[in-house]
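Note sheet for the following structure.
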Amino acid sequence: MKVGIVGGTFNPIHNGHIDMATHAYVNHGLDDILILPSGNPPHKDQQDLLDGSDRFEMCLLACMDHDHLLVESLELERKGTTYTIDSLQYYNDVYHLKDSLYYIIGGDTVLQLTSWREYQKVFKACRFIAFLRKGFDNDEILQCAEDLKKKFSLDIVFDETEIPDISSTDIRNRVRNKQSIKELVPERVEKYIYEHGLYK
């Protein structure tokens with residue numbers, strides 16, 4: 001069984017997240033994709049971060065029409081700062097998914113991987129699927145990946161499928177400025193944001 005993980009704050013989840021997860025599922029023969037909203041991530045500014053219950057609910061709404069996307073509350077239930085290595089070890093220990101866990105990221109994240117907590121253990125606990133995106137120095141990203149392969153045996157494949165360039169920050173700003181987010185998030189998520197007065 002091959003399981004993918006898409007982690008993030010999902011503040012809010014948007015169509016880019018869903019597209020990336022779906023293309024990873026189809027293009028790389030995965031059996032399921034876990035959508036894993038983070039609790040208190042170490043690399044994000046907490047100022048605009050919604051409560052976990054709202055982010056979790058929006059993830060559920062976004063994934064309702066996608067049987068291959070499973071929303072997990074593991075990191076939201078964990079107290080304190082959440083780290084990827086803890087979640088990977090949990091899934092490996094409980095579900096025995098070692099060698100069949102695929103962490104799905106944007107290509108630019110490759111440049112940040114060595115800043116992750118216990119990154120060498122992360123590299124041993126999963127494989128990576130990275131989506132290259134326009135507007136980034138993909139040559140630098142590919143070279144960084146090659147260096148990490150040589151030094152730390154990073155297991156990574158790149159996918160050049162074009163993913164919509166959508167930013168959660170931009171969505172939050174558009175809501176504040178009373179601009180449309182209709183094409184940026186699933187319809188159920190858009191409705192939830194407005195009905196609950198989020199990001200104002």
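So you can find residues: chains in the structure tokens are A, B, ... in the order shown, residues in each start at 1, and ligands are numbered from 1 in order.
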Write out, as CSV, each residue of region 123-145 of chain A that has an atom at most 12 Å from region 28-34 of chain A, together with the closest pair of atoms and their distance in Å to one decimal, counting only C-alpha atoms, rows going by chain and rising number.
residue,atom,partner,partner_atom,distance
A:Arg127,CA,A:His28,CA,11.8
A:Phe128,CA,A:His28,CA,11.1
A:Ile129,CA,A:His28,CA,8.6
A:Ala130,CA,A:His28,CA,11.3
A:Phe131,CA,A:His28,CA,12.0
Applying 10 Å and only C-alpha atoms, which residues near Tyr119 (chain A) remain after dropping the ones on its own chain fewer than 4 positions away? List them as a list in words.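 Those residues are Thr84, Ile85, Leu113, Thr114, Ser115, Phe123, Lys124, Ala125, Phe152 and Leu154 of chain A.
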Can you pull out every residue within 10 Å of region 81-83 of chain A, counting only C-alpha atoms, but drop anything in the same chain fewer than 3 positions away, and send it as a list in words?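 Here the qualifying residues turn out to be Ser38, Gly39, Asn40, Pro41, Pro42, His43, Leu74, Glu75, Leu76, Glu77, Arg78, Asp86, Ser87, Leu88, Trp116, Arg117 and Glu118 of chain A.
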Per-residue DSSP, region 44-173 of chain A, filtered to alpha helix (DSSP H), as a PyMOL selection string: chain A and resi 52-62+74-77+84-95+119-125+138-152+168-173
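Between CA of Ser73 (chain A) and CA of Leu36 (chain A) there is a distance of 6.7 Å.
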For Glu72 (chain A), which residue among A:Gly135, A:Gly16, A:Gly106, A:Gly7 is the nearest when counting only C-alpha atoms? A:Gly7
Expressed in Å, the length from CA of Leu142 (chain A) to CA of Asp159 (chain A) is 11.5 Å
Selection: 10 Å around His17 (chain A), only C-alpha atoms, excl. self and same-chain fewer than 4 positions, as a ChimeraX atom specification: /A:6-8,10,12-13,21-22,35,62,105-106,163-168,185
Selection file, C-alpha atoms, as a PDB file, in the first residue's frame:
ATOM      1  CA  VAL A   6       0.011  16.479   2.144  1.00  0.00           C
ATOM      2  CA  GLY A   7       0.745  18.487   5.263  1.00  0.00           C
ATOM      3  CA  GLY A   8       0.246  22.170   5.939  1.00  0.00           C
ATOM      4  CA  PHE A  10      -4.449  24.765   5.294  1.00  0.00           C
ATOM      5  CA  PRO A  12      -7.447  27.854   4.273  1.00  0.00           C
ATOM      6  CA  ILE A  13      -7.187  24.750   2.115  1.00  0.00           C
ATOM      7  CA  ALA A  21      -2.871  15.829  -4.001  1.00  0.00           C
ATOM      8  CA  THR A  22      -4.988  14.480  -6.856  1.00  0.00           C
ATOM      9  CA  ILE A  35      -4.546  15.533   4.284  1.00  0.00           C
ATOM     10  CA  ALA A  62     -12.871  20.361   0.476  1.00  0.00           C
ATOM     11  CA  ILE A 105       5.552  19.019  -1.389  1.00  0.00           C
ATOM     12  CA  GLY A 106       5.987  22.008  -3.665  1.00  0.00           C
ATOM     13  CA  ILE A 163      -0.497  23.201 -10.341  1.00  0.00           C
ATOM     14  CA  PRO A 164      -2.597  26.391  -9.956  1.00  0.00           C
ATOM     15  CA  ASP A 165      -0.511  29.136  -8.330  1.00  0.00           C
ATOM     16  CA  ILE A 166      -2.779  29.874  -5.371  1.00  0.00           C
ATOM     17  CA  SER A 167      -1.731  31.338  -2.036  1.00  0.00           C
ATOM     18  CA  SER A 168      -3.606  30.980   1.250  1.00  0.00           C
ATOM     19  CA  VAL A 185     -11.231  27.432  -3.069  1.00  0.00           C
TER      20      VAL A 185
END
Could you work out how far CA of Lys2 (chain A) lies from CA of Tyr95 (chain A), giving the answer in Å with one decimal?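 Separation between CA of Tyr95 (chain A) and CA of Lys2 (chain A): 11.4 Å.
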